[in-house]
$ cat entry01.txt   # compact mmCIF, C-alpha atoms
# COMPACT_ATOMS: atom_id res chain seq x y z
CA MET A 25 -17.82 198.09 37.83
CA LYS A 26 -18.66 198.76 34.18
CA TYR A 27 -16.14 199.47 31.42
CA ILE A 28 -16.58 201.52 28.26
CA VAL A 29 -14.21 202.08 25.36
CA VAL A 30 -15.06 205.06 23.14
CA LEU A 31 -12.97 204.50 20.02
CA GLY A 32 -12.92 207.41 17.56
CA ASP A 33 -11.26 205.75 14.57
CA GLY A 34 -8.52 207.96 13.12
CA MET A 35 -9.47 210.82 15.47
CA ALA A 36 -5.89 212.02 16.11
CA ASP A 37 -4.32 214.34 13.55
CA TYR A 38 -1.63 216.91 12.79
CA LYS A 39 -1.90 220.67 13.25
CA LEU A 40 -3.51 222.42 10.30
CA PRO A 41 -2.90 226.01 9.12
CA GLN A 42 -6.58 226.43 8.30
CA LEU A 43 -7.39 225.70 11.97
CA GLY A 44 -4.95 228.28 13.32
CA ASN A 45 -2.27 225.62 13.76
CA LYS A 46 -4.59 223.40 15.78
CA THR A 47 -5.53 219.76 15.28
CA PRO A 48 -9.18 218.78 14.78
CA LEU A 49 -9.19 217.49 18.37
CA GLN A 50 -8.02 220.90 19.57
CA ALA A 51 -10.41 222.82 17.32
CA ALA A 52 -13.46 220.73 18.23
CA ARG A 53 -15.83 221.86 20.96
CA LYS A 54 -15.87 218.90 23.35
CA PRO A 55 -16.59 220.32 26.81
CA TYR A 56 -17.51 217.04 28.50
CA THR A 57 -14.42 215.15 27.35
CA ASP A 58 -12.20 218.08 28.32
CA MET A 59 -13.87 218.16 31.73
CA LEU A 60 -13.05 214.48 32.18
CA ALA A 61 -9.45 215.13 31.14
CA LYS A 62 -8.92 217.30 34.24
CA VAL A 63 -9.49 214.29 36.52
CA SER A 64 -8.29 211.49 34.23
CA GLU A 65 -5.09 209.82 33.20
CA VAL A 66 -4.19 211.36 29.84
CA GLY A 67 -1.20 210.21 27.83
CA LEU A 68 0.17 208.82 24.61
CA CYS A 69 0.08 205.18 23.53
CA LYS A 70 1.78 203.34 20.70
CA THR A 71 -1.05 201.23 19.25
CA VAL A 72 0.75 200.10 16.09
CA PRO A 73 3.73 197.84 16.88
CA ASP A 74 6.97 198.27 14.97
CA GLY A 75 6.93 196.26 11.76
CA PHE A 76 3.17 196.55 11.22
CA LYS A 77 1.35 198.87 8.84
CA PRO A 78 -0.91 201.37 10.63
CA GLY A 79 -4.20 199.73 9.74
CA SER A 80 -7.44 199.80 11.72
CA ASP A 81 -7.14 196.01 11.97
CA VAL A 82 -3.83 196.00 13.83
CA ALA A 83 -4.67 199.07 15.90
CA ASN A 84 -8.14 197.92 17.03
CA LEU A 85 -6.75 194.50 17.94
CA SER A 86 -4.17 196.27 20.10
CA VAL A 87 -6.69 198.48 21.87
CA LEU A 88 -8.89 195.44 22.53
CA GLY A 89 -5.90 193.83 24.23
CA TYR A 90 -4.76 191.40 21.53
CA ASP A 91 -1.11 191.42 20.52
CA PRO A 92 -0.91 191.55 16.70
CA HIS A 93 2.39 189.65 16.87
CA GLU A 94 0.43 186.68 18.19
CA CYS A 95 -2.88 186.80 16.32
CA TYR A 96 -2.78 189.01 13.24
CA THR A 97 -3.21 187.19 9.92
CA GLY A 98 -4.50 190.04 7.73
CA ARG A 99 -7.42 192.44 7.51
CA SER A 100 -9.81 190.77 5.10
CA PRO A 101 -10.33 187.54 7.07
CA LEU A 102 -11.61 189.59 10.01
CA GLU A 103 -14.17 191.17 7.69
CA ALA A 104 -14.97 187.81 6.09
CA VAL A 105 -15.96 186.39 9.46
CA SER A 106 -18.28 189.32 10.04
CA ILE A 107 -20.24 188.77 6.83
CA GLY A 108 -20.66 185.08 7.60
CA ILE A 109 -18.06 183.43 5.38
CA ASP A 110 -17.03 179.99 6.65
CA LEU A 111 -13.31 180.04 5.96
CA LYS A 112 -11.15 176.97 5.47
CA GLU A 113 -7.59 176.86 6.74
CA THR A 114 -6.37 176.87 3.12
CA ASP A 115 -8.42 179.91 2.05
CA VAL A 116 -6.87 183.30 1.42
CA THR A 117 -9.15 186.32 1.63
CA LEU A 118 -8.78 189.75 0.07
CA ARG A 119 -10.71 192.96 0.69
CA CYS A 120 -12.48 193.86 -2.53
CA ASN A 121 -13.32 197.57 -2.62
CA LEU A 122 -15.67 199.04 -5.18
CA VAL A 123 -13.80 202.17 -6.26
CA THR A 124 -13.93 205.00 -8.77
CA VAL A 125 -11.03 205.26 -11.21
CA SER A 126 -10.49 207.72 -14.04
CA ASP A 127 -11.26 206.84 -17.67
CA GLU A 128 -7.85 206.56 -19.35
CA ALA A 129 -7.77 203.71 -21.88
CA ASN A 130 -4.83 201.92 -20.28
CA TYR A 131 -5.67 200.80 -16.74
CA GLU A 132 -2.18 201.59 -15.46
CA ASP A 133 -2.67 205.21 -16.51
CA LYS A 134 -5.85 205.61 -14.46
CA LYS A 135 -6.03 207.53 -11.18
CA MET A 136 -7.70 206.46 -7.96
CA ILE A 137 -10.51 209.02 -7.79
CA ASP A 138 -12.48 207.60 -4.84
CA TYR A 139 -11.65 204.54 -2.73
CA SER A 140 -15.32 204.24 -1.64
CA ALA A 141 -17.12 204.98 -4.94
CA GLY A 142 -18.95 207.86 -3.29
CA GLU A 143 -19.92 205.75 -0.25
CA ILE A 144 -22.03 203.60 -2.57
CA SER A 145 -25.13 202.15 -0.94
CA THR A 146 -25.14 198.53 0.15
CA GLU A 147 -28.09 197.85 -2.16
CA GLU A 148 -26.35 199.25 -5.25
CA ALA A 149 -23.13 197.46 -4.35
CA ALA A 150 -24.92 194.12 -3.92
CA GLU A 151 -26.25 194.42 -7.47
CA LEU A 152 -22.78 195.11 -8.84
CA ILE A 153 -21.15 192.28 -6.90
CA ALA A 154 -23.88 189.86 -8.04
CA TYR A 155 -23.12 190.90 -11.63
CA LEU A 156 -19.36 190.41 -11.20
CA LYS A 157 -19.90 186.99 -9.61
CA LYS A 158 -21.18 185.69 -12.96
CA TYR A 159 -17.76 186.35 -14.45
CA PHE A 160 -15.36 185.85 -11.53
CA ASP A 161 -16.75 183.02 -9.40
CA SER A 162 -15.08 179.65 -10.05
CA GLU A 163 -13.59 176.70 -8.19
CA LYS A 164 -10.70 179.02 -7.39
CA PHE A 165 -12.41 182.33 -6.52
CA THR A 166 -15.64 183.43 -4.84
CA LEU A 167 -16.86 187.00 -4.42
CA TYR A 168 -18.97 187.87 -1.38
CA PRO A 169 -20.99 191.08 -0.91
CA GLY A 170 -20.43 193.15 2.21
CA VAL A 171 -21.49 196.63 3.30
CA SER A 172 -21.29 199.73 1.09
CA TYR A 173 -17.98 199.61 -0.83
CA ARG A 174 -16.42 196.88 1.33
CA HIS A 175 -16.55 193.34 -0.11
CA CYS A 176 -14.52 190.14 -0.03
CA LEU A 177 -12.80 187.79 -2.48
CA VAL A 178 -11.90 184.31 -1.25
CA ALA A 179 -9.19 182.34 -3.05
CA ALA A 180 -9.38 178.58 -2.41
CA ASN A 181 -5.95 177.07 -1.74
CA GLY A 182 -4.62 180.57 -2.24
CA HIS A 183 -1.24 182.18 -1.80
CA THR A 184 -0.12 185.05 0.40
CA GLY A 185 2.91 187.28 -0.03
CA HIS A 186 1.43 189.77 -2.50
CA GLU A 187 2.18 193.48 -2.67
CA LEU A 188 -1.28 195.07 -2.36
CA THR A 189 -1.83 198.79 -1.80
CA PRO A 190 -4.85 200.07 0.17
CA PRO A 191 -6.80 202.31 -2.23
CA HIS A 192 -7.17 205.08 0.35
CA ASP A 193 -3.37 205.40 0.30
CA ILE A 194 -3.36 206.53 -3.33
CA THR A 195 -6.40 208.79 -3.58
CA GLY A 196 -5.88 211.24 -6.43
CA ARG A 197 -2.76 209.43 -7.62
CA PRO A 198 -2.06 207.11 -10.58
CA VAL A 199 -2.57 203.42 -9.90
CA LYS A 200 0.59 202.59 -11.83
CA GLY A 201 3.08 200.93 -9.54
CA HIS A 202 0.32 199.96 -7.10
CA LEU A 203 -1.40 197.14 -8.97
CA PRO A 204 -1.08 193.65 -7.40
CA ARG A 205 2.28 191.93 -7.51
CA GLY A 206 3.23 188.49 -6.23
CA PRO A 207 2.39 184.80 -6.78
CA GLN A 208 -1.04 185.52 -8.27
CA GLY A 209 -0.46 189.17 -9.01
CA LYS A 210 -0.98 188.81 -12.76
CA LEU A 211 -4.34 187.14 -12.23
CA TYR A 212 -5.43 189.77 -9.69
CA ARG A 213 -4.41 192.54 -12.11
CA GLU A 214 -6.40 190.91 -14.91
CA MET A 215 -9.47 190.68 -12.65
CA THR A 216 -9.10 194.34 -11.68
CA GLU A 217 -8.77 195.47 -15.29
CA ARG A 218 -11.68 193.32 -16.45
CA SER A 219 -13.89 194.64 -13.67
CA TYR A 220 -13.59 198.11 -15.18
CA GLU A 221 -14.81 196.89 -18.57
CA LEU A 222 -17.71 195.08 -16.89
CA LEU A 223 -18.76 197.89 -14.57
CA LYS A 224 -18.20 201.14 -16.43
CA ASP A 225 -21.52 200.97 -18.33
CA HIS A 226 -23.57 199.01 -15.81
CA PRO A 227 -27.05 200.50 -15.25
CA VAL A 228 -26.25 201.17 -11.58
CA ASN A 229 -23.30 203.29 -12.62
CA ARG A 230 -25.15 205.05 -15.40
CA ALA A 231 -27.76 206.05 -12.82
CA ARG A 232 -25.09 207.21 -10.36
CA ILE A 233 -23.39 209.36 -13.01
CA ALA A 234 -26.72 210.86 -14.01
CA ALA A 235 -27.30 211.73 -10.34
CA GLY A 236 -23.89 213.40 -10.08
CA LYS A 237 -22.38 210.58 -8.02
CA ASN A 238 -19.09 208.74 -8.46
CA PRO A 239 -19.55 205.43 -10.31
CA ALA A 240 -18.29 202.18 -8.80
CA ASN A 241 -16.42 201.36 -11.99
CA SER A 242 -13.72 199.00 -10.72
CA ILE A 243 -12.76 196.61 -7.97
CA TRP A 244 -9.56 197.01 -5.97
CA LEU A 245 -8.00 194.08 -4.13
CA TRP A 246 -5.95 194.48 -0.94
CA GLY A 247 -5.60 193.37 2.68
CA GLU A 248 -4.96 189.66 2.08
CA GLY A 249 -5.02 187.20 4.97
CA THR A 250 -5.80 183.74 6.28
CA LYS A 251 -8.22 182.41 8.89
CA PRO A 252 -7.33 183.94 12.29
CA ALA A 253 -7.88 182.72 15.82
CA LEU A 254 -8.42 184.95 18.86
CA GLU A 255 -8.57 183.94 22.49
CA ASN A 256 -12.06 184.34 23.94
CA PHE A 257 -12.32 187.84 25.43
CA ARG A 258 -14.07 186.70 28.61
CA ASN A 259 -11.52 183.94 29.18
CA LYS A 260 -8.68 186.40 28.55
CA PHE A 261 -9.89 189.27 30.73
CA GLY A 262 -12.60 187.85 32.97
CA VAL A 263 -15.37 190.21 31.80
CA LYS A 264 -18.29 189.86 29.39
CA GLY A 265 -17.80 192.22 26.48
CA GLY A 266 -19.66 193.52 23.46
CA VAL A 267 -18.80 195.60 20.39
CA ILE A 268 -20.81 198.28 18.62
CA SER A 269 -19.61 199.23 15.15
CA ALA A 270 -20.86 199.89 11.64
CA VAL A 271 -17.87 198.25 9.95
CA ASP A 272 -17.27 194.58 9.26
CA LEU A 273 -13.66 194.70 10.48
CA VAL A 274 -14.52 195.47 14.10
CA LYS A 275 -17.58 193.21 14.07
CA GLY A 276 -15.34 190.39 12.83
CA ILE A 277 -12.87 190.94 15.67
CA GLY A 278 -15.77 190.85 18.10
CA ILE A 279 -17.14 187.61 16.68
CA LEU A 280 -13.75 185.91 16.77
CA ALA A 281 -13.23 187.09 20.36
CA GLY A 282 -16.59 185.66 21.43
CA MET A 283 -17.97 189.12 22.23
CA LYS A 284 -21.57 190.15 21.67
CA VAL A 285 -21.96 192.11 18.42
CA ILE A 286 -24.64 194.76 18.99
CA GLU A 287 -26.45 196.17 15.96
CA VAL A 288 -27.70 199.77 15.92
CA ASN A 289 -30.26 201.11 13.47
CA GLY A 290 -28.88 203.99 11.46
CA ALA A 291 -25.25 203.13 12.21
CA THR A 292 -23.00 203.96 9.26
CA GLY A 293 -19.28 204.24 8.75
CA ASN A 294 -19.38 208.02 8.38
CA TYR A 295 -20.35 211.29 10.08
CA ASP A 296 -24.06 210.63 9.46
CA THR A 297 -23.99 207.65 11.81
CA ASN A 298 -26.45 207.28 14.68
CA PHE A 299 -24.18 208.49 17.49
CA SER A 300 -27.02 208.67 20.02
CA GLY A 301 -28.21 205.21 19.08
CA LYS A 302 -24.77 203.77 19.74
CA ALA A 303 -24.68 205.35 23.20
CA ARG A 304 -28.18 204.07 23.99
CA ALA A 305 -27.28 200.56 22.80
CA ALA A 306 -24.15 200.59 24.96
CA LEU A 307 -26.07 201.63 28.06
CA ASP A 308 -28.76 199.00 27.44
CA ALA A 309 -26.10 196.33 26.97
CA LEU A 310 -24.37 197.28 30.22
CA LYS A 311 -27.70 197.21 32.06
CA GLY A 312 -28.46 193.90 30.39
CA GLY A 313 -25.48 192.08 31.85
CA LEU A 314 -22.41 193.01 29.85
CA ASP A 315 -19.42 194.29 31.79
CA LEU A 316 -17.67 196.08 28.92
CA VAL A 317 -18.77 197.72 25.68
CA TYR A 318 -16.38 198.73 22.89
CA ILE A 319 -18.03 201.56 20.91
CA HIS A 320 -16.27 202.00 17.59
CA MET A 321 -17.01 205.05 15.43
CA GLU A 322 -15.48 205.17 11.97
CA ALA A 323 -16.53 208.75 11.17
CA PRO A 324 -13.29 210.65 12.00
CA ASP A 325 -11.26 208.16 9.97
CA GLU A 326 -13.45 208.44 6.88
CA CYS A 327 -13.29 212.23 7.12
CA GLY A 328 -9.51 212.04 7.39
CA HIS A 329 -9.31 209.93 4.23
CA GLN A 330 -11.58 212.38 2.42
CA GLY A 331 -9.63 215.42 3.60
CA ASP A 332 -12.85 216.69 5.16
CA THR A 333 -11.75 218.91 8.06
CA GLU A 334 -15.21 220.31 8.79
CA HIS A 335 -16.87 216.95 9.28
CA LYS A 336 -13.93 215.47 11.16
CA ILE A 337 -14.38 218.22 13.74
CA TYR A 338 -18.14 217.66 13.66
CA SER A 339 -17.65 213.93 14.28
CA ILE A 340 -15.45 214.59 17.31
CA GLU A 341 -18.05 217.01 18.69
CA GLN A 342 -20.82 214.47 18.17
CA ILE A 343 -18.82 211.80 20.02
CA ASP A 344 -18.47 214.20 22.97
CA GLU A 345 -22.09 215.36 22.99
CA LYS A 346 -23.96 212.23 22.01
CA VAL A 347 -21.76 209.39 23.27
CA VAL A 348 -19.38 210.39 26.07
CA ARG A 349 -21.71 212.76 27.92
CA PRO A 350 -24.93 210.68 27.99
CA ILE A 351 -23.13 207.48 28.95
CA CYS A 352 -21.27 209.13 31.81
CA GLU A 353 -24.28 211.05 33.10
CA GLU A 354 -26.64 208.08 33.01
CA LEU A 355 -24.19 205.76 34.77
CA LYS A 356 -23.40 208.40 37.38
CA GLY A 357 -27.11 209.05 37.91
CA ALA A 358 -27.68 205.35 38.47
CA GLY A 359 -24.84 205.16 40.99
CA GLU A 360 -22.99 202.67 38.76
CA PRO A 361 -19.19 202.83 39.13
CA PHE A 362 -17.43 202.76 35.77
CA ARG A 363 -14.19 203.32 33.94
CA MET A 364 -14.03 204.82 30.46
CA LEU A 365 -11.22 204.76 27.89
CA ILE A 366 -11.39 207.36 25.10
CA CYS A 367 -8.89 207.07 22.25
CA PRO A 368 -8.35 206.66 18.53
CA ASP A 369 -6.91 203.46 17.12
CA HIS A 370 -4.41 205.42 15.00
CA PRO A 371 -4.19 208.95 13.57
CA THR A 372 -5.63 209.66 10.10
CA PRO A 373 -4.25 213.12 9.39
CA ILE A 374 -6.14 215.40 7.00
CA ALA A 375 -2.83 216.47 5.45
CA VAL A 376 -1.88 212.99 4.25
CA ARG A 377 -5.38 211.40 4.05
CA THR A 378 -4.19 208.02 5.26
CA HIS A 379 -3.18 206.24 8.46
CA VAL A 380 0.08 206.90 10.26
CA SER A 381 1.82 205.01 13.09
CA ASP A 382 2.26 207.95 15.50
CA PRO A 383 1.26 207.30 19.13
CA VAL A 384 -2.31 208.29 19.91
CA PRO A 385 -3.69 210.39 22.79
CA TYR A 386 -5.78 208.46 25.28
CA LEU A 387 -7.94 209.39 28.27
CA LEU A 388 -8.68 206.94 31.08
CA TYR A 389 -11.44 208.06 33.46
CA ASP A 390 -12.45 206.40 36.72
CA SER A 391 -15.75 207.47 38.30
CA GLU A 392 -14.44 206.52 41.76
CA LYS A 393 -10.95 207.96 41.62
CA ASN A 394 -9.23 211.21 40.69
CA CYS A 395 -6.45 210.26 38.26
CA ALA A 396 -5.44 213.81 37.28
CA VAL A 397 -2.09 214.23 35.55
CA GLY A 398 -2.22 218.01 35.32
CA VAL A 399 -3.83 218.60 31.93
CA ALA A 400 -6.93 220.68 31.14
CA SER A 401 -8.05 219.12 27.85
CA TYR A 402 -7.96 215.97 25.76
CA ASP A 403 -5.82 216.37 22.64
CA GLU A 404 -2.46 215.48 21.17
CA ASP A 405 -0.50 218.25 22.90
CA SER A 406 -1.95 217.70 26.37
CA ALA A 407 -1.34 213.96 26.06
CA LYS A 408 2.30 214.63 25.25
CA ALA A 409 2.64 217.27 27.96
CA SER A 410 1.43 214.84 30.64
CA GLY A 411 4.59 212.80 30.25
CA VAL A 412 2.57 209.57 30.42
CA TYR A 413 3.56 207.12 27.70
CA VAL A 414 2.28 203.58 27.14
CA GLU A 415 4.62 201.51 25.00
CA ARG A 416 2.15 198.86 23.83
CA GLY A 417 -1.44 199.26 22.74
CA THR A 418 -2.42 196.07 24.53
CA GLN A 419 -1.67 197.78 27.84
CA LEU A 420 -4.65 200.12 27.42
CA MET A 421 -7.15 197.31 27.97
CA GLN A 422 -5.07 196.02 30.84
CA LYS A 423 -5.03 199.47 32.42
CA LEU A 424 -8.77 199.91 31.88
CA LEU A 425 -9.48 196.61 33.61
CA ARG A 426 -6.67 197.09 36.16
CA THR A 427 -5.03 193.78 35.43
CA ALA A 428 -1.61 193.07 36.91
CA GLU A 429 0.14 193.51 33.56
CA ALA A 430 -0.97 197.13 33.33
CA LYS A 431 1.95 198.54 35.31
CA ILE A 432 4.26 200.76 33.26
$ encode --input "entry01.txt" --output "structure tokens"
Amino acid sequence: MKYIVVLGDGMADYKLPQLGNKTPLQAARKPYTDMLAKVSEVGLCKTVPDGFKPGSDVANLSVLGYDPHECYTGRSPLEAVSIGIDLKETDVTLRCNLVTVSDEANYEDKKMIDYSAGEISTEEAAELIAYLKKYFDSEKFTLYPGVSYRHCLVAANGHTGHELTPPHDITGRPVKGHLPRGPQGKLYREMTERSYELLKDHPVNRARIAAGKNPANSIWLWGEGTKPALENFRNKFGVKGGVISAVDLVKGIGILAGMKVIEVNGATGNYDTNFSGKARAALDALKGGLDLVYIHMEAPDECGHQGDTEHKIYSIEQIDEKVVRPICEELKGAGEPFRMLICPDHPTPIAVRTHVSDPVPYLLYDSEKNCAVGVASYDEDSAKASGVYVERGTQLMQKLLRTAEAKI
């Protein structure tokens, strides 16, 4: 038996007037997934436990079967592990976004224009981070480059307990009231403000402005955390697993869980990602000895943050056509029994452009068993109409693998 998780990050949504009061999942043409829904268990699952913010960190941990109450220590340390940072127990990490802010003289009066600085390239970002390192690196702080706009600041012998706002939560809004507060809040604010003075006229940004792109004219610190520890996935569930993702967060979870991290050429964190390549890599990994592959696709989430309805629908359609369908058809053609879980980690509604904690629709397909619950499609309404409700996100992995704890 093989197991596949198709995780469309932020795929769930609210109904939109411009879609005839449909959600993107309902508006998208996804014939293969809807066909599976007719013979699958379809329901709602609460992936974000009470008391936790609806981040992709908490939600993906839940779907992978890890209880955030037991293992969650923050978002940035998961990403730090992925980019190869050897963390000490006394280190505190922070996500360091390269962002675009407006040009008011007083930093507090600026607005958050773009939390991703126009999806800045990794090469451009590396040049900017290398420049900032000359001014910010010290015995206390070290900046590390990551992918695109996502980078990391490590504070040696640092403190937690800060109020730090994710930049995608305040897109188009003033940053006033959202700058860092807490034990080292003043220092973090000073670093943020100084970064603007250092970056606004950097040659990389002058070139981006000339090309009509958003400049990466500031850093933004958030997502603090300390070194985490996850139980080995194979020891926990008895299967050999791998992860496929373009984002450091999910790769970091995979590394900490002892799973194989599978790289795919052309994989990005947006709708231009190599969907077909991810499916091919998953099939090759399953043929090569893995029992389970967790295929994470960030595209719907990024489109939700950008308020991009058209490409969110497109991303969902690509997942159906280029991931779900070829994986199912090739495994069926080979006579390989398999079970597939399709779900988001959390909703990222177009209307609010950030994550919410609402339960997500899931689909659990078994190639050897009809699990029909009386629905004809996979979307938020059909999941609710089925009457199937899973109280904890960790139960999805248990149900997929049919472990004893999966009973609800």
$ residues_around --input "entry01.txt" --residues "A:Ser126" --least-positions-apart "6" --cutoff "9 Å" --atoms "all atoms listed in the file" --output "ChimeraX atom specification"
/A:133-137,241
$ residues_around --input "entry01.txt" --residues "stretch 350-364 of chain A" --least-positions-apart "4" --cutoff "12 Å" --atoms "all atoms listed in the file" --output "PyMOL selection string"
chain A and resi 25-31+56-57+59-61+64-66+299-311+315-319+342-346+386-395+420-421+423-426
$ atom_distance --input "entry01.txt" --atom1 "atom CA of A:Asn256" --atom2 "atom CA of A:Gly282"
5.3 Å
$ atom_distance --input "entry01.txt" --atom1 "atom CA of A:Arg205" --atom2 "atom CA of A:Arg99"
17.9 Å
$ residues_around --input "entry01.txt" --residues "A:Gly142" --least-positions-apart "4" --cutoff "9 Å" --atoms "all atoms listed in the file" --output "MDAnalysis selection string"
chainID A and resid 123:124 138 173 237:240
$ closest_residue --input "entry01.txt" --among "A:Ile337, A:Leu85, A:Val414, A:Ala52" --to "A:Phe257" --atoms "only C-alpha atoms"
A:Leu85
$ closest_residue --input "entry01.txt" --among "A:Gly293, A:Gly328, A:Gly196, A:Pro371" --to "A:Ala270" --atoms "all atoms listed in the file"
A:Gly293
$ residues_around --input "entry01.txt" --residues "A:Asp403" --least-positions-apart "2" --cutoff "9 Å" --atoms "all atoms listed in the file" --output "VMD selection string"
chain A and resid 36 47 to 50 58 66 385 to 386 401 405 to 408
$ atom_distance --input "entry01.txt" --atom1 "atom CA of A:Glu404" --atom2 "atom CA of A:Gly276"
29.4 Å
$ closest_residue --input "entry01.txt" --among "A:Pro207, A:Gly44, A:Gly201, A:Gly170" --to "A:His183" --atoms "all atoms listed in the file"
A:Pro207
$ residues_near_point --input "entry01.txt" --point "(-21.5, 192.1, 24.4)" --cutoff "7 Å" --atoms "all atoms listed in the file" --output "PyMOL selection string"
chain A and resi 264-267+283-286+309+314+317
$ residues_around --input "entry01.txt" --residues "A:Glu415" --least-positions-apart "4" --cutoff "9 Å" --atoms "all atoms listed in the file" --output "list in words"
Leu68, Cys69, Lys70, Thr71, Pro73, Pro383, Gln419 and Ile432 of chain A
$ write_last_selection --input "entry01.txt" --atoms "C-alpha atoms" --output "tab-separated table (two decimals), in the frame of the given file"
chain	number	residue	atom	x	y	z
A	68	LEU	CA	0.17	208.82	24.61
A	69	CYS	CA	0.08	205.18	23.53
A	70	LYS	CA	1.78	203.34	20.70
A	71	THR	CA	-1.05	201.23	19.25
A	73	PRO	CA	3.73	197.84	16.88
A	383	PRO	CA	1.26	207.30	19.13
A	419	GLN	CA	-1.67	197.78	27.84
A	432	ILE	CA	4.26	200.76	33.26
$ closest_atom_pairs --input "entry01.txt" --of "stretch 171-200 of chain A" --to "stretch 149-159 of chain A" --cutoff "12 Å" --atoms "all atoms listed in the file" --output "tab-separated table"
residue	atom	partner	partner_atom	distance
A:Val171	CA	A:Ala149	CA	7.9
A:Ser172	CA	A:Ala149	CA	6.2
A:Tyr173	CA	A:Ala149	CA	6.6
A:Arg174	CA	A:Ala149	CA	8.8
A:His175	CA	A:Ile153	CA	8.3
A:Cys176	CA	A:Ile153	CA	9.8
A:Leu177	CA	A:Lys157	CA	10.1
A:Val178	CA	A:Lys157	CA	11.9
$ decode --input "entry01.txt" --residues "stretch 93-104 of chain A" --atoms "N, CA, C and O atoms" --output "short mmCIF file (atom, residue, chain, number, x, y, z; two decimals), in the first residue's frame"
data_model
loop_
_atom_site.label_atom_id
_atom_site.label_comp_id
_atom_site.auth_asym_id
_atom_site.auth_seq_id
_atom_site.Cartn_x
_atom_site.Cartn_y
_atom_site.Cartn_z
N HIS A 93 0.62 21.03 20.21
CA HIS A 93 0.74 21.20 21.66
C HIS A 93 2.03 20.56 22.19
O HIS A 93 2.59 21.01 23.19
N GLU A 94 2.48 19.52 21.51
CA GLU A 94 3.64 18.76 22.00
C GLU A 94 4.96 19.17 21.36
O GLU A 94 6.01 18.98 21.97
N CYS A 95 4.92 19.75 20.15
CA CYS A 95 6.18 19.94 19.43
C CYS A 95 6.41 21.33 18.86
O CYS A 95 7.51 21.62 18.39
N TYR A 96 5.40 22.19 18.89
CA TYR A 96 5.55 23.48 18.20
C TYR A 96 6.35 24.46 19.05
O TYR A 96 6.01 24.73 20.20
N THR A 97 7.41 25.02 18.44
CA THR A 97 8.23 26.03 19.14
C THR A 97 8.36 27.31 18.34
O THR A 97 9.15 28.19 18.70
N GLY A 98 7.61 27.45 17.25
CA GLY A 98 7.68 28.63 16.41
C GLY A 98 7.94 28.27 14.97
O GLY A 98 8.40 27.16 14.65
N ARG A 99 7.66 29.21 14.07
CA ARG A 99 7.80 28.96 12.64
C ARG A 99 9.25 29.02 12.17
O ARG A 99 9.72 28.14 11.45
N SER A 100 9.94 30.08 12.53
CA SER A 100 11.26 30.33 11.94
C SER A 100 12.28 29.22 12.20
O SER A 100 13.11 28.95 11.33
N PRO A 101 12.27 28.55 13.37
CA PRO A 101 13.25 27.48 13.53
C PRO A 101 13.06 26.33 12.56
O PRO A 101 14.03 25.66 12.18
N LEU A 102 11.82 26.07 12.13
CA LEU A 102 11.58 25.04 11.13
C LEU A 102 12.24 25.42 9.81
O LEU A 102 12.84 24.59 9.13
N GLU A 103 12.14 26.70 9.45
CA GLU A 103 12.77 27.18 8.23
C GLU A 103 14.29 27.22 8.37
O GLU A 103 15.02 26.93 7.42
N ALA A 104 14.76 27.56 9.58
CA ALA A 104 16.21 27.62 9.81
C ALA A 104 16.86 26.26 9.58
O ALA A 104 17.94 26.16 8.99
#
